[in-house]
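Novice: The structure follows.
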Amino acid sequence: MPVPLFDLSRLGPQVDEAVREATLRVLGHRGYVLGAEVENFEKDLTDYLGGGHAIGMSSGTDAQLALLMALGIGEGDAVISTPYTFFATTGCIHRTGAEILFCDIDQATFMMAPGSLRALLASMKRDGDGMLRSAKGNRVRLIVPIHLFGTCCDMDAINEIAAEFGVEVLEDAAQILGAEYPSKHGVKKAGLIAPTSYVSFYPSKNLGAAGDAGVALCLDAEMAEKLKRIRNHGMEQRYYHKVVGGNFRIDAIQAAVLRAKLPFLDSWNATRRANAASYREAFSAAGLLDQITLPAEPFASSGLKNHHIYHQYVIRVLGDKKRDAVMAYLSEQKIGCAIYYPVPLHLQECFAYLGHKPGDFPESERAALQSLALPIFPGLTQDEIAEVVRGIKSALG
Ligand SMILES: Cc1ncc(COP(=O)(O)O)c(C=O)c1O
C-alpha cells in the first residue's frame with residue numbers, strides 16, 4: 001500500500017472551506033498588501049501565543065534576515081548556530097556579512113548541544129571592552145539555536161551560557177509553532193523563549209500557508225516597530241526611508257489563510273503526537289528498537305501537552321549505510337520518507353570558504369548519515385503507520 005510522506009488534502013473539507021472563504025474575501029476587497037488582514041492575523045497569533053509581538057513576513061527566511069538586520073548584525077560580527085539543519089538559518093547569517101561559527105548538536109535530540117556551545121565560547125578571548133572575539137577577531141554577538149522537528153532545544157542551558165558569556169539569543173522556531181517549553185522560569189511557548197524569534201509557514205509546516213510566508217516574533221515593542229519598518233523598505237511614512245530594509249511583507253492572502261487555519265493548529269498537533277505514539281508502540285511490537293532509534297522526547301515528563309508537536313518524525317537507522325538501504329526499499333514500496341538533512345552545512349559547497357572538513361562536527365555528520373523522516377501528518381491512518389513499520393521491518397531483514 002503506498003503511503004504519502006505528506007498529504008495536505010487530508011486536512012479535510014472544513015479547513016478547505018475556511019481557506020477558500022478567506023482567499024475569496026481578500027480577492028473581493030482587493031487589499032492585497034498589509035492592512036487589516038495582516039494586522040488581524042498578527043493579533044490572533046499573539047493571542048494564541050499569549051504574548052509578544054508578531055510581524056508577518058514573506059517567509060521564515062526573510063523573517064530571520066529582517067531580525068538580523070534589526071539586531072544590527074553585519075560585518076565584524078560573528079553568529080553561532082548548528083550545522084545539522086535546513087540551510088536558511090546559516091544562509092541568512094552569511095548574507096549579513098557576519099562570520100558563521102558552528103557548534104555541534106546533541107546526539108539524542110539533533111539540536112544544539114549546550115556542552116559544545118560552552119566549549120566554543122570558552123575557547124574565545126575577550127578584548128578590552130569585554131566583548132568576546134572569534135579567532136578571526138569578530139565580535140561574537142548572537143547564538144541561533146534551532147528547534148528541530150517539533151520539540152525545543154535545551155533553552156534554559158543555552159540562555160544561561162549566553163548570559164554568562166554576554167551573547168544574545170535568537171530562536172529559530174521555524175518548525176515549531178504551538179510547542180511549549182518547561183523552562184525553569186515557567187512554561188513558555190516556543191518563539192517567546194528568547195527576545196527574538198521567527199516561524200515559517202511553508203505549506204508543509206504544522207501551520208502552513210498557501211505558498212510562502214513567515215513571521216518574526218519579539219518581546220520588545222520597540223523591536224517590533226523596527227521590524228515593521230524593515231519589512232517595508234525602512235518606511236514609516238510612504239517614500240520616506242528611515243533605514244534600509246527590504247520587501248519582506250507577508251501577502252494579505254497568506255495572512256488571511258493562516259488566520260483561518262490557526263484555530264485548527266492545536267488539534268493537528270495533537271494528532272501528530274498520537275501518530276508518534278502509534279509508531280512507538282508499533283516499532284516496539286515489531287522488535288526493531290535495537291536497529292533504530294525513535295525521536296527523543298526530552299520534556300515528556302513535564303506533563304505539558306505540547307512538549308513535542310512532531311513537525312517531523314525522524315528516526316535514526318543504526319548501522320553502516322543501513323539508512324540508505326531502508327530508504328531505497330521504502331521508496332520501491334512507494335512509502336514516503338525523506339532525509340532531513342543529507343549534507344551538514346559545514347560541508348556544503350557554498351560554505352567551503354569556512355575551511356571546515358569532514359570530522360569537524362561528528363554528531364551533525366552522523367545525523368546526516370542515519371536520520372530518516374517518516375510520514376506523521378494529520379490524516380495519516382493507523383493502517384498506513386502499520387505499513388510504514390512493516391516496510392522498515394522488511395528492509396532491515
Ligand atoms: C529550521 C528552519 N529554519 C528556517 C526555515 C526557513 O523558512 P522558509 O522556508 O519559510 O523561508 C525553515 C523552513 O523550511 C526551517 O525548517
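The way I read the labels, and the way they are meant: chains A, B, ... in the order of the C-alpha cells, residue 1 as the first residue of every chain, and ligand 1 as the first ligand shown, with later ones counted on from there.
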For chain A versus ligand 1, which residues have an atom no more than 7 Å away, and what is each residue's nearest atom pair and distance in Å rounded to one decimal, using only C-alpha atoms and all ligand atoms, chain-then-number order, as JSON lines?

Specialist:
{"residue": "A:Ser59", "atom": "CA", "partner": "ligand 1", "partner_atom_place_in_ligand_line": "10 (O)", "distance": 4.0}
{"residue": "A:Gly60", "atom": "CA", "partner": "ligand 1", "partner_atom_place_in_ligand_line": "10 (O)", "distance": 3.4}
{"residue": "A:Thr61", "atom": "CA", "partner": "ligand 1", "partner_atom_place_in_ligand_line": "11 (O)", "distance": 3.6}
{"residue": "A:Asp62", "atom": "CA", "partner": "ligand 1", "partner_atom_place_in_ligand_line": "11 (O)", "distance": 6.4}
{"residue": "A:Thr85", "atom": "CA", "partner": "ligand 1", "partner_atom_place_in_ligand_line": "1 (C)", "distance": 5.9}
{"residue": "A:Phe86", "atom": "CA", "partner": "ligand 1", "partner_atom_place_in_ligand_line": "1 (C)", "distance": 5.2}
{"residue": "A:Ala88", "atom": "CA", "partner": "ligand 1", "partner_atom_place_in_ligand_line": "4 (C)", "distance": 4.9}
{"residue": "A:Thr89", "atom": "CA", "partner": "ligand 1", "partner_atom_place_in_ligand_line": "3 (N)", "distance": 5.4}
{"residue": "A:Ile146", "atom": "CA", "partner": "ligand 1", "partner_atom_place_in_ligand_line": "1 (C)", "distance": 6.0}
{"residue": "A:His147", "atom": "CA", "partner": "ligand 1", "partner_atom_place_in_ligand_line": "1 (C)", "distance": 6.9}
{"residue": "A:Leu148", "atom": "CA", "partner": "ligand 1", "partner_atom_place_in_ligand_line": "1 (C)", "distance": 6.2}
{"residue": "A:Asp172", "atom": "CA", "partner": "ligand 1", "partner_atom_place_in_ligand_line": "3 (N)", "distance": 6.0}
{"residue": "A:Ala174", "atom": "CA", "partner": "ligand 1", "partner_atom_place_in_ligand_line": "2 (C)", "distance": 4.8}
{"residue": "A:Gln175", "atom": "CA", "partner": "ligand 1", "partner_atom_place_in_ligand_line": "16 (O)", "distance": 5.3}
{"residue": "A:Ser200", "atom": "CA", "partner": "ligand 1", "partner_atom_place_in_ligand_line": "10 (O)", "distance": 4.0}
{"residue": "A:Phe201", "atom": "CA", "partner": "ligand 1", "partner_atom_place_in_ligand_line": "10 (O)", "distance": 5.6}
{"residue": "A:Tyr202", "atom": "CA", "partner": "ligand 1", "partner_atom_place_in_ligand_line": "10 (O)", "distance": 4.8}
{"residue": "A:Asp212", "atom": "CA", "partner": "ligand 1", "partner_atom_place_in_ligand_line": "10 (O)", "distance": 6.0}
{"residue": "A:Ala213", "atom": "CA", "partner": "ligand 1", "partner_atom_place_in_ligand_line": "10 (O)", "distance": 5.8}
{"residue": "A:Gly214", "atom": "CA", "partner": "ligand 1", "partner_atom_place_in_ligand_line": "10 (O)", "distance": 5.4}

Novice: Write a file of the selected residues as a PDB file, in the first residue's frame, keeping N, CA, C and O atoms.

Specialist:
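File written: part.pdb
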ATOM      1  N   SER A  59       8.466  35.143   4.288  1.00  0.00           N
ATOM      2  CA  SER A  59       8.886  33.746   4.511  1.00  0.00           C
ATOM      3  C   SER A  59       9.615  33.694   5.852  1.00  0.00           C
ATOM      4  O   SER A  59       9.931  34.744   6.427  1.00  0.00           O
ATOM      5  N   GLY A  60       9.888  32.480   6.307  1.00  0.00           N
ATOM      6  CA  GLY A  60      10.693  32.345   7.520  1.00  0.00           C
ATOM      7  C   GLY A  60      12.088  32.897   7.291  1.00  0.00           C
ATOM      8  O   GLY A  60      12.659  33.570   8.159  1.00  0.00           O
ATOM      9  N   THR A  61      12.622  32.631   6.118  1.00  0.00           N
ATOM     10  CA  THR A  61      13.972  33.111   5.782  1.00  0.00           C
ATOM     11  C   THR A  61      14.021  34.636   5.849  1.00  0.00           C
ATOM     12  O   THR A  61      14.936  35.217   6.452  1.00  0.00           O
ATOM     13  N   ASP A  62      13.024  35.285   5.240  1.00  0.00           N
ATOM     14  CA  ASP A  62      13.010  36.755   5.253  1.00  0.00           C
ATOM     15  C   ASP A  62      12.805  37.286   6.669  1.00  0.00           C
ATOM     16  O   ASP A  62      13.340  38.338   7.024  1.00  0.00           O
ATOM     17  N   THR A  85      20.852  21.177   9.973  1.00  0.00           N
ATOM     18  CA  THR A  85      19.562  21.874   9.892  1.00  0.00           C
ATOM     19  C   THR A  85      19.299  22.249   8.453  1.00  0.00           C
ATOM     20  O   THR A  85      20.111  21.990   7.568  1.00  0.00           O
ATOM     21  N   PHE A  86      18.151  22.914   8.223  1.00  0.00           N
ATOM     22  CA  PHE A  86      17.874  23.473   6.909  1.00  0.00           C
ATOM     23  C   PHE A  86      18.815  24.658   6.683  1.00  0.00           C
ATOM     24  O   PHE A  86      19.203  25.357   7.619  1.00  0.00           O
ATOM     25  N   ALA A  88      18.520  27.692   5.547  1.00  0.00           N
ATOM     26  CA  ALA A  88      18.129  29.108   5.639  1.00  0.00           C
ATOM     27  C   ALA A  88      18.839  29.866   6.763  1.00  0.00           C
ATOM     28  O   ALA A  88      19.283  31.000   6.578  1.00  0.00           O
ATOM     29  N   THR A  89      18.919  29.245   7.926  1.00  0.00           N
ATOM     30  CA  THR A  89      19.439  29.940   9.105  1.00  0.00           C
ATOM     31  C   THR A  89      20.863  30.453   8.847  1.00  0.00           C
ATOM     32  O   THR A  89      21.167  31.629   9.060  1.00  0.00           O
ATOM     33  N   ILE A 146      18.330  26.129  17.009  1.00  0.00           N
ATOM     34  CA  ILE A 146      17.252  25.777  16.080  1.00  0.00           C
ATOM     35  C   ILE A 146      16.433  24.640  16.667  1.00  0.00           C
ATOM     36  O   ILE A 146      16.944  23.544  16.897  1.00  0.00           O
ATOM     37  N   HIS A 147      15.138  24.924  16.917  1.00  0.00           N
ATOM     38  CA  HIS A 147      14.242  23.880  17.426  1.00  0.00           C
ATOM     39  C   HIS A 147      13.879  22.977  16.253  1.00  0.00           C
ATOM     40  O   HIS A 147      13.096  23.367  15.391  1.00  0.00           O
ATOM     41  N   LEU A 148      14.425  21.777  16.227  1.00  0.00           N
ATOM     42  CA  LEU A 148      14.190  20.899  15.073  1.00  0.00           C
ATOM     43  C   LEU A 148      13.128  19.852  15.340  1.00  0.00           C
ATOM     44  O   LEU A 148      13.100  19.245  16.411  1.00  0.00           O
ATOM     45  N   ASP A 172      15.428  30.010  16.377  1.00  0.00           N
ATOM     46  CA  ASP A 172      14.834  29.585  15.109  1.00  0.00           C
ATOM     47  C   ASP A 172      13.678  28.657  15.474  1.00  0.00           C
ATOM     48  O   ASP A 172      13.877  27.487  15.824  1.00  0.00           O
ATOM     49  N   ALA A 174      11.195  28.068  13.373  1.00  0.00           N
ATOM     50  CA  ALA A 174      10.558  27.876  12.062  1.00  0.00           C
ATOM     51  C   ALA A 174       9.615  26.680  12.063  1.00  0.00           C
ATOM     52  O   ALA A 174       8.555  26.716  11.459  1.00  0.00           O
ATOM     53  N   GLN A 175      10.000  25.599  12.744  1.00  0.00           N
ATOM     54  CA  GLN A 175       9.267  24.330  12.621  1.00  0.00           C
ATOM     55  C   GLN A 175       8.304  24.065  13.768  1.00  0.00           C
ATOM     56  O   GLN A 175       7.744  22.978  13.855  1.00  0.00           O
ATOM     57  N   SER A 200       8.262  29.744  10.354  1.00  0.00           N
ATOM     58  CA  SER A 200       7.986  29.593   8.920  1.00  0.00           C
ATOM     59  C   SER A 200       6.582  29.026   8.738  1.00  0.00           C
ATOM     60  O   SER A 200       6.150  28.155   9.501  1.00  0.00           O
ATOM     61  N   PHE A 201       5.896  29.502   7.703  1.00  0.00           N
ATOM     62  CA  PHE A 201       4.581  28.946   7.350  1.00  0.00           C
ATOM     63  C   PHE A 201       4.636  28.273   5.985  1.00  0.00           C
ATOM     64  O   PHE A 201       3.643  28.259   5.250  1.00  0.00           O
ATOM     65  N   TYR A 202       5.800  27.762   5.626  1.00  0.00           N
ATOM     66  CA  TYR A 202       5.923  26.972   4.398  1.00  0.00           C
ATOM     67  C   TYR A 202       4.779  25.932   4.416  1.00  0.00           C
ATOM     68  O   TYR A 202       4.420  25.437   5.490  1.00  0.00           O
ATOM     69  N   ASP A 212       4.436  30.778   0.289  1.00  0.00           N
ATOM     70  CA  ASP A 212       5.450  31.126   1.286  1.00  0.00           C
ATOM     71  C   ASP A 212       4.959  32.222   2.222  1.00  0.00           C
ATOM     72  O   ASP A 212       4.303  33.175   1.789  1.00  0.00           O
ATOM     73  N   ALA A 213       5.307  32.077   3.493  1.00  0.00           N
ATOM     74  CA  ALA A 213       5.018  33.120   4.487  1.00  0.00           C
ATOM     75  C   ALA A 213       5.790  32.801   5.762  1.00  0.00           C
ATOM     76  O   ALA A 213       6.238  31.663   5.957  1.00  0.00           O
ATOM     77  N   GLY A 214       5.958  33.802   6.594  1.00  0.00           N
ATOM     78  CA  GLY A 214       6.653  33.599   7.874  1.00  0.00           C
ATOM     79  C   GLY A 214       6.265  34.710   8.830  1.00  0.00           C
ATOM     80  O   GLY A 214       5.461  35.588   8.494  1.00  0.00           O
TER      81      GLY A 214
END

Novice: Residues of region 23-204 of chain A classed as alpha helix (DSSP H) by DSSP on the backbone are to be reported as number ranges by chain.

Specialist: A: 23-29, 36-49, 60-70, 88-96, 114-122, 155-165

Novice: Extract, using only C-alpha atoms, all DNA, RNA and protein residues at most 12 Å from Gly391 (chain A), discarding same-chain residues fewer than 3 positions from it, and format them as a PDB file with N, CA, C and O atoms, in the first residue's frame.

Specialist:
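out_10.pdb, written as the output of this step:
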ATOM      1  N   MET A   1       0.851  -1.203   0.000  1.00  0.00           N
ATOM      2  CA  MET A   1       0.000   0.000   0.000  1.00  0.00           C
ATOM      3  C   MET A   1       0.888   1.255   0.000  1.00  0.00           C
ATOM      4  O   MET A   1       1.714   1.419   0.899  1.00  0.00           O
ATOM      5  N   PRO A   2       0.724   2.138  -0.995  1.00  0.00           N
ATOM      6  CA  PRO A   2       1.530   3.372  -0.983  1.00  0.00           C
ATOM      7  C   PRO A   2       1.136   4.265   0.198  1.00  0.00           C
ATOM      8  O   PRO A   2      -0.043   4.311   0.555  1.00  0.00           O
ATOM      9  N   VAL A   3       2.113   4.940   0.771  1.00  0.00           N
ATOM     10  CA  VAL A   3       1.847   5.881   1.874  1.00  0.00           C
ATOM     11  C   VAL A   3       2.557   7.194   1.535  1.00  0.00           C
ATOM     12  O   VAL A   3       3.773   7.187   1.336  1.00  0.00           O
ATOM     13  N   ALA A 282       4.161   0.461  17.666  1.00  0.00           N
ATOM     14  CA  ALA A 282       4.336  -0.480  16.548  1.00  0.00           C
ATOM     15  C   ALA A 282       5.806  -0.877  16.379  1.00  0.00           C
ATOM     16  O   ALA A 282       6.118  -2.054  16.132  1.00  0.00           O
ATOM     17  N   PHE A 283       6.720   0.078  16.519  1.00  0.00           N
ATOM     18  CA  PHE A 283       8.148  -0.251  16.372  1.00  0.00           C
ATOM     19  C   PHE A 283       8.601  -1.169  17.498  1.00  0.00           C
ATOM     20  O   PHE A 283       9.409  -2.080  17.303  1.00  0.00           O
ATOM     21  N   ALA A 286       7.278  -4.604  16.907  1.00  0.00           N
ATOM     22  CA  ALA A 286       7.982  -5.246  15.789  1.00  0.00           C
ATOM     23  C   ALA A 286       9.408  -5.656  16.178  1.00  0.00           C
ATOM     24  O   ALA A 286      10.128  -6.251  15.372  1.00  0.00           O
ATOM     25  N   LEU A 288      12.037  -3.737  16.752  1.00  0.00           N
ATOM     26  CA  LEU A 288      13.045  -3.034  15.945  1.00  0.00           C
ATOM     27  C   LEU A 288      13.902  -2.060  16.752  1.00  0.00           C
ATOM     28  O   LEU A 288      14.783  -1.393  16.195  1.00  0.00           O
ATOM     29  N   ALA A 325      19.770   1.935   2.637  1.00  0.00           N
ATOM     30  CA  ALA A 325      19.122   0.696   2.172  1.00  0.00           C
ATOM     31  C   ALA A 325      17.631   0.728   2.539  1.00  0.00           C
ATOM     32  O   ALA A 325      16.779   0.356   1.727  1.00  0.00           O
ATOM     33  N   VAL A 326      17.330   1.183   3.758  1.00  0.00           N
ATOM     34  CA  VAL A 326      15.917   1.267   4.184  1.00  0.00           C
ATOM     35  C   VAL A 326      15.170   2.254   3.297  1.00  0.00           C
ATOM     36  O   VAL A 326      14.064   1.982   2.818  1.00  0.00           O
ATOM     37  N   MET A 327      15.799   3.374   3.026  1.00  0.00           N
ATOM     38  CA  MET A 327      15.147   4.392   2.202  1.00  0.00           C
ATOM     39  C   MET A 327      14.865   3.855   0.792  1.00  0.00           C
ATOM     40  O   MET A 327      13.773   4.073   0.242  1.00  0.00           O
ATOM     41  N   ALA A 328      15.840   3.146   0.239  1.00  0.00           N
ATOM     42  CA  ALA A 328      15.665   2.596  -1.120  1.00  0.00           C
ATOM     43  C   ALA A 328      14.496   1.611  -1.130  1.00  0.00           C
ATOM     44  O   ALA A 328      13.657   1.628  -2.036  1.00  0.00           O
ATOM     45  N   TYR A 329      14.425   0.778  -0.087  1.00  0.00           N
ATOM     46  CA  TYR A 329      13.348  -0.218  -0.025  1.00  0.00           C
ATOM     47  C   TYR A 329      11.980   0.472   0.104  1.00  0.00           C
ATOM     48  O   TYR A 329      11.035   0.143  -0.607  1.00  0.00           O
ATOM     49  N   LEU A 330      11.895   1.455   1.015  1.00  0.00           N
ATOM     50  CA  LEU A 330      10.612   2.154   1.213  1.00  0.00           C
ATOM     51  C   LEU A 330      10.191   2.871  -0.067  1.00  0.00           C
ATOM     52  O   LEU A 330       9.018   2.839  -0.451  1.00  0.00           O
ATOM     53  N   SER A 331      11.147   3.467  -0.746  1.00  0.00           N
ATOM     54  CA  SER A 331      10.817   4.190  -1.987  1.00  0.00           C
ATOM     55  C   SER A 331      10.288   3.215  -3.033  1.00  0.00           C
ATOM     56  O   SER A 331       9.327   3.530  -3.750  1.00  0.00           O
ATOM     57  N   GLU A 332      10.910   2.029  -3.101  1.00  0.00           N
ATOM     58  CA  GLU A 332      10.444   0.988  -4.029  1.00  0.00           C
ATOM     59  C   GLU A 332       8.981   0.607  -3.727  1.00  0.00           C
ATOM     60  O   GLU A 332       8.178   0.374  -4.624  1.00  0.00           O
ATOM     61  N   GLN A 333       8.660   0.563  -2.423  1.00  0.00           N
ATOM     62  CA  GLN A 333       7.295   0.201  -1.991  1.00  0.00           C
ATOM     63  C   GLN A 333       6.340   1.403  -2.042  1.00  0.00           C
ATOM     64  O   GLN A 333       5.206   1.302  -1.587  1.00  0.00           O
ATOM     65  N   LYS A 334       6.855   2.523  -2.520  1.00  0.00           N
ATOM     66  CA  LYS A 334       6.063   3.778  -2.577  1.00  0.00           C
ATOM     67  C   LYS A 334       5.605   4.232  -1.179  1.00  0.00           C
ATOM     68  O   LYS A 334       4.488   4.732  -0.986  1.00  0.00           O
ATOM     69  N   ILE A 335       6.481   4.019  -0.215  1.00  0.00           N
ATOM     70  CA  ILE A 335       6.225   4.523   1.145  1.00  0.00           C
ATOM     71  C   ILE A 335       7.076   5.789   1.309  1.00  0.00           C
ATOM     72  O   ILE A 335       8.305   5.737   1.182  1.00  0.00           O
ATOM     73  N   GLY A 336       6.408   6.906   1.563  1.00  0.00           N
ATOM     74  CA  GLY A 336       7.111   8.188   1.610  1.00  0.00           C
ATOM     75  C   GLY A 336       8.098   8.268   2.765  1.00  0.00           C
ATOM     76  O   GLY A 336       7.807   7.849   3.885  1.00  0.00           O
ATOM     77  N   CYS A 337       9.270   8.797   2.489  1.00  0.00           N
ATOM     78  CA  CYS A 337      10.265   9.059   3.533  1.00  0.00           C
ATOM     79  C   CYS A 337      11.238  10.093   2.956  1.00  0.00           C
ATOM     80  O   CYS A 337      11.230  10.334   1.755  1.00  0.00           O
ATOM     81  N   LEU A 374       9.765   9.950   8.552  1.00  0.00           N
ATOM     82  CA  LEU A 374       8.634   9.108   8.142  1.00  0.00           C
ATOM     83  C   LEU A 374       7.343   9.929   8.149  1.00  0.00           C
ATOM     84  O   LEU A 374       7.281  10.953   8.825  1.00  0.00           O
ATOM     85  N   GLU A 384      -1.795   2.912   7.638  1.00  0.00           N
ATOM     86  CA  GLU A 384      -0.596   3.439   6.964  1.00  0.00           C
ATOM     87  C   GLU A 384       0.620   3.396   7.897  1.00  0.00           C
ATOM     88  O   GLU A 384       1.734   3.079   7.467  1.00  0.00           O
ATOM     89  N   ILE A 385       0.394   3.712   9.176  1.00  0.00           N
ATOM     90  CA  ILE A 385       1.503   3.643  10.142  1.00  0.00           C
ATOM     91  C   ILE A 385       2.014   2.191  10.214  1.00  0.00           C
ATOM     92  O   ILE A 385       3.224   1.940  10.184  1.00  0.00           O
ATOM     93  N   ALA A 386       1.064   1.243  10.266  1.00  0.00           N
ATOM     94  CA  ALA A 386       1.457  -0.175  10.317  1.00  0.00           C
ATOM     95  C   ALA A 386       2.242  -0.558   9.054  1.00  0.00           C
ATOM     96  O   ALA A 386       3.223  -1.307   9.124  1.00  0.00           O
ATOM     97  N   GLU A 387       1.834  -0.003   7.913  1.00  0.00           N
ATOM     98  CA  GLU A 387       2.513  -0.310   6.648  1.00  0.00           C
ATOM     99  C   GLU A 387       3.957   0.230   6.648  1.00  0.00           C
ATOM    100  O   GLU A 387       4.882  -0.430   6.180  1.00  0.00           O
ATOM    101  N   VAL A 388       4.135   1.429   7.184  1.00  0.00           N
ATOM    102  CA  VAL A 388       5.483   2.022   7.251  1.00  0.00           C
ATOM    103  C   VAL A 388       6.374   1.128   8.129  1.00  0.00           C
ATOM    104  O   VAL A 388       7.513   0.792   7.761  1.00  0.00           O
ATOM    105  N   SER A 394      10.798  -5.191   7.011  1.00  0.00           N
ATOM    106  CA  SER A 394      11.225  -5.992   5.850  1.00  0.00           C
ATOM    107  C   SER A 394      12.597  -5.531   5.369  1.00  0.00           C
ATOM    108  O   SER A 394      13.476  -6.330   5.054  1.00  0.00           O
ATOM    109  N   ALA A 395      12.772  -4.197   5.317  1.00  0.00           N
ATOM    110  CA  ALA A 395      14.051  -3.644   4.813  1.00  0.00           C
ATOM    111  C   ALA A 395      15.208  -4.066   5.708  1.00  0.00           C
ATOM    112  O   ALA A 395      16.325  -4.315   5.237  1.00  0.00           O
ATOM    113  N   LEU A 396      14.955  -4.126   7.009  1.00  0.00           N
ATOM    114  CA  LEU A 396      16.048  -4.458   7.943  1.00  0.00           C
ATOM    115  C   LEU A 396      16.224  -5.978   8.069  1.00  0.00           C
ATOM    116  O   LEU A 396      17.112  -6.438   8.798  1.00  0.00           O
ATOM    117  N   GLY A 397      15.358  -6.717   7.401  1.00  0.00           N
ATOM    118  CA  GLY A 397      15.507  -8.184   7.387  1.00  0.00           C
ATOM    119  C   GLY A 397      15.109  -8.749   8.722  1.00  0.00           C
ATOM    120  O   GLY A 397      15.733  -9.613   9.297  1.00  0.00           O
TER     121      GLY A 397
END

Novice: Would you list the contacts of Glu75 (chain A) as a list in words, taking every protein, DNA or RNA residue within 9 Å and counting only C-alpha atoms, but skipping same-chain residues closer than 4 positions in sequence?

Specialist: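 With the cut-off at 9 Å, the set is Thr96, Gly97, Ala98, Glu99 and Asn138 of chain A.
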
Novice: Applying 10 Å and only C-alpha atoms, which residues near Ala135 (chain A) remain after dropping the ones on its own chain fewer than 6 positions away? List them as a ChimeraX atom specification.

Specialist: /A:123-125

Novice: Generate a file of the selected residues that holds all heavy atoms, formatted as a PDB file, in the first residue's frame.

Specialist:
ATOM      1  N   SER A 123      36.500  28.900  24.330  1.00  0.00           N
ATOM      2  CA  SER A 123      37.777  28.897  23.586  1.00  0.00           C
ATOM      3  C   SER A 123      38.122  30.304  23.077  1.00  0.00           C
ATOM      4  O   SER A 123      39.192  30.524  22.523  1.00  0.00           O
ATOM      5  CB  SER A 123      37.678  27.938  22.388  1.00  0.00           C
ATOM      6  OG  SER A 123      36.830  28.501  21.392  1.00  0.00           O
ATOM      7  N   MET A 124      37.204  31.258  23.267  1.00  0.00           N
ATOM      8  CA  MET A 124      37.423  32.597  22.707  1.00  0.00           C
ATOM      9  C   MET A 124      37.954  33.567  23.751  1.00  0.00           C
ATOM     10  O   MET A 124      37.748  33.373  24.938  1.00  0.00           O
ATOM     11  CB  MET A 124      36.113  33.130  22.146  1.00  0.00           C
ATOM     12  CG  MET A 124      35.652  32.321  20.969  1.00  0.00           C
ATOM     13  SD  MET A 124      34.007  32.813  20.531  1.00  0.00           S
ATOM     14  CE  MET A 124      33.630  31.555  19.344  1.00  0.00           C
ATOM     15  N   LYS A 125      38.568  34.618  23.250  1.00  0.00           N
ATOM     16  CA  LYS A 125      39.139  35.619  24.169  1.00  0.00           C
ATOM     17  C   LYS A 125      38.256  36.861  24.198  1.00  0.00           C
ATOM     18  O   LYS A 125      37.609  37.193  23.221  1.00  0.00           O
ATOM     19  CB  LYS A 125      40.527  36.022  23.658  1.00  0.00           C
ATOM     20  CG  LYS A 125      41.525  34.877  23.704  1.00  0.00           C
ATOM     21  CD  LYS A 125      42.958  35.429  23.798  1.00  0.00           C
ATOM     22  CE  LYS A 125      43.942  34.327  24.126  1.00  0.00           C
ATOM     23  NZ  LYS A 125      44.034  33.296  23.091  1.00  0.00           N
TER      24      LYS A 125
END

Novice: For CA of Tyr353 (chain A) and CA of Arg95 (chain A), quote the distance in Å rounded to one decimal.

Specialist: 13.9 Å

Novice: Name the closest residue to Ala162 (chain A) among the candidates A:Gly51, A:Ile143, A:Pro295, A:Ser116; distances are taken between atoms, counting only C-alpha atoms.

Specialist: A:Ile143

Novice: Can you pull out the residues contacting Pro114 (chain A)? Cut-off 8 Å, using only C-alpha atoms, and skip same-chain residues under 3 positions away; I want them as a PDB file with N, CA, C and O atoms, in the first residue's frame.

Specialist:
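Dumped everything to selection_36.pdb:
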ATOM      1  N   LEU A 117      28.405  24.299  22.818  1.00  0.00           N
ATOM      2  CA  LEU A 117      28.295  25.763  22.805  1.00  0.00           C
ATOM      3  C   LEU A 117      29.253  26.368  23.834  1.00  0.00           C
ATOM      4  O   LEU A 117      29.999  27.302  23.544  1.00  0.00           O
ATOM      5  N   ARG A 118      29.214  25.779  25.034  1.00  0.00           N
ATOM      6  CA  ARG A 118      30.077  26.304  26.099  1.00  0.00           C
ATOM      7  C   ARG A 118      31.555  26.178  25.710  1.00  0.00           C
ATOM      8  O   ARG A 118      32.339  27.109  25.875  1.00  0.00           O
ATOM      9  N   ASP A 154      17.494  22.713  24.461  1.00  0.00           N
ATOM     10  CA  ASP A 154      17.703  22.868  25.899  1.00  0.00           C
ATOM     11  C   ASP A 154      17.908  24.365  26.169  1.00  0.00           C
ATOM     12  O   ASP A 154      19.022  24.832  26.397  1.00  0.00           O
ATOM     13  N   ALA A 157      19.588  25.894  29.450  1.00  0.00           N
ATOM     14  CA  ALA A 157      21.059  25.799  29.450  1.00  0.00           C
ATOM     15  C   ALA A 157      21.649  26.803  28.462  1.00  0.00           C
ATOM     16  O   ALA A 157      22.618  27.518  28.781  1.00  0.00           O
ATOM     17  N   ILE A 158      21.055  26.894  27.266  1.00  0.00           N
ATOM     18  CA  ILE A 158      21.595  27.800  26.234  1.00  0.00           C
ATOM     19  C   ILE A 158      21.500  29.255  26.702  1.00  0.00           C
ATOM     20  O   ILE A 158      22.453  30.032  26.575  1.00  0.00           O
ATOM     21  N   ILE A 161      24.156  29.938  29.386  1.00  0.00           N
ATOM     22  CA  ILE A 161      25.506  30.062  28.812  1.00  0.00           C
ATOM     23  C   ILE A 161      25.627  31.405  28.084  1.00  0.00           C
ATOM     24  O   ILE A 161      26.622  32.119  28.214  1.00  0.00           O
TER      25      ILE A 161
END

Novice: Mind giving me the straight-line distance from CA of Gly50 (chain A) to CA of Ala274 (chain A) in Å, one decimal?

Specialist: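 Going from CA of Gly50 (chain A) over to CA of Ala274 (chain A) covers 24.8 Å.
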
Novice: For Gly130 (chain A), work out the shell of residues within 12 Å, counting only C-alpha atoms and skipping chain neighbours fewer than 5 positions away, then give it as a PyMOL selection string.

Specialist: chain A and resi 124-125+139-140+165-167

Novice: Of the residues A:Thr151, A:Thr196, A:Asn247, A:Thr46, which is the one nearest to Ile230 (chain A), using only C-alpha atoms?

Specialist: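 Among the listed residues, the smallest separation from Ile230 (chain A) belongs to A:Asn247.
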
Novice: Using CA of Ala285 (chain A) and CA of Gln312 (chain A) as the two end points, give the distance in Å to one decimal.

Specialist: 21.7 Å
